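Visitor: Take a look at this one; I'll ask things after.
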Amino acid sequence: MPDIKKTDTSVSPIKAGLMCRCPRCGKGKLYKGFLDFADKCSECELDYSDFEKGDGPAVFIILIMGFIVVGFALVVEVRFHPPLWVHAVLWTPLILGGSIAMLRPMKGLIIAMQYIYKAREGKLDQ
């Protein structure tokens, strides 16, 4: 049995998830690549294999980025009436950059929420 290190109770799992750190100890890396999850925490050895790592965060990112970009695009259209190519030049980098920048922290947040609420696939607490 591996030597399990103590859990730091001062660590906020939400903050750790957003910082792409282990939700239990807040120190170990959550990812081994850009979007590739590690097998376990290098510090406290929390097993990440039980967590659902699907595409749920992408839905939240689509909704958040859609709200932001559509709002700004409407303001720009109403105030300045630019041609369509200006909209394409303005909003395409914002959509791509914002979506890519939000993906890792949002996936980390979803893992942290699963850790907090002990959510596991196919298991019901009765």
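How things are named: the first chain in the structure tokens is A, the next is B, and so on; residues count from 1 in each chain; ligands count from 1 in the order shown.
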Taking the DSSP secondary structure from the backbone, can you list the residues of chain A that are alpha helix (DSSP H), as an MDAnalysis selection string?
Guide: chainID A and resid 13:18 56:80 84:116
Visitor: Would you mind listing what lies within 12 Å of Val86 of chain A as an NGL selection string, with only C-alpha atoms counted and same-chain residues fewer than 6 positions away left out?
Guide: :A and (73 or 76-77 or 80 or 92-93)
Visitor: If you measure from atom CA of Ile95 of chain A to atom CA of Ile68 of chain A, what distance in Å do you get, rounded to one decimal?
Guide: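 So the two atoms, atom CA of Ile95 of chain A and atom CA of Ile68 of chain A, lie 9.2 Å apart.
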Visitor: Write out as a PyMOL selection string the residues lying within 12 Å of Lys32 of chain A, counting only C-alpha atoms and excluding same-chain residues fewer than 5 positions away.
Guide: chain A and resi 20-21+37-42+48+104
Visitor: So which residues touch Ala101 of chain A within 12 Å, counting only C-alpha atoms, skipping near sequence neighbours fewer than 2 positions away, as a PyMOL selection string?
Guide: chain A and resi 18+34-35+58+61+65+93-99+103-107
Visitor: Store the residues of this selection in a file with C-alpha atoms, as a short mmCIF file (atom, residue, chain, number, x, y, z; two decimals), in the first residue's frame.
Guide:
```cif
data_model
loop_
_atom_site.label_atom_id
_atom_site.label_comp_id
_atom_site.auth_asym_id
_atom_site.auth_seq_id
_atom_site.Cartn_x
_atom_site.Cartn_y
_atom_site.Cartn_z
CA LEU A 18 -9.15 26.29 -11.50
CA PHE A 34 -2.25 20.10 -22.52
CA LEU A 35 -5.57 18.30 -21.99
CA ALA A 58 -16.95 22.42 -23.46
CA ILE A 61 -17.40 27.30 -22.41
CA MET A 65 -18.12 32.58 -24.80
CA PRO A 93 -9.53 35.39 -32.34
CA LEU A 94 -11.57 36.15 -29.21
CA ILE A 95 -13.65 33.00 -29.61
CA LEU A 96 -10.65 30.76 -30.34
CA GLY A 97 -8.34 32.27 -27.73
CA GLY A 98 -10.99 32.46 -25.03
CA SER A 99 -12.17 28.92 -25.60
CA LEU A 103 -10.66 24.71 -21.38
CA ARG A 104 -8.03 23.51 -18.89
CA PRO A 105 -9.33 25.48 -15.87
CA MET A 106 -12.93 24.51 -16.63
CA LYS A 107 -12.04 20.81 -16.87
#
```
Visitor: Just the number, please: distance in Å from atom CA of Ile116 of chain A to atom CA of Arg24 of chain A, one decimal.
Guide: 8.9 Å
Visitor: What does the distance from atom CA of Gly56 of chain A to atom CA of Cys22 of chain A come to in Å, to one decimal?
Guide: 19.0 Å
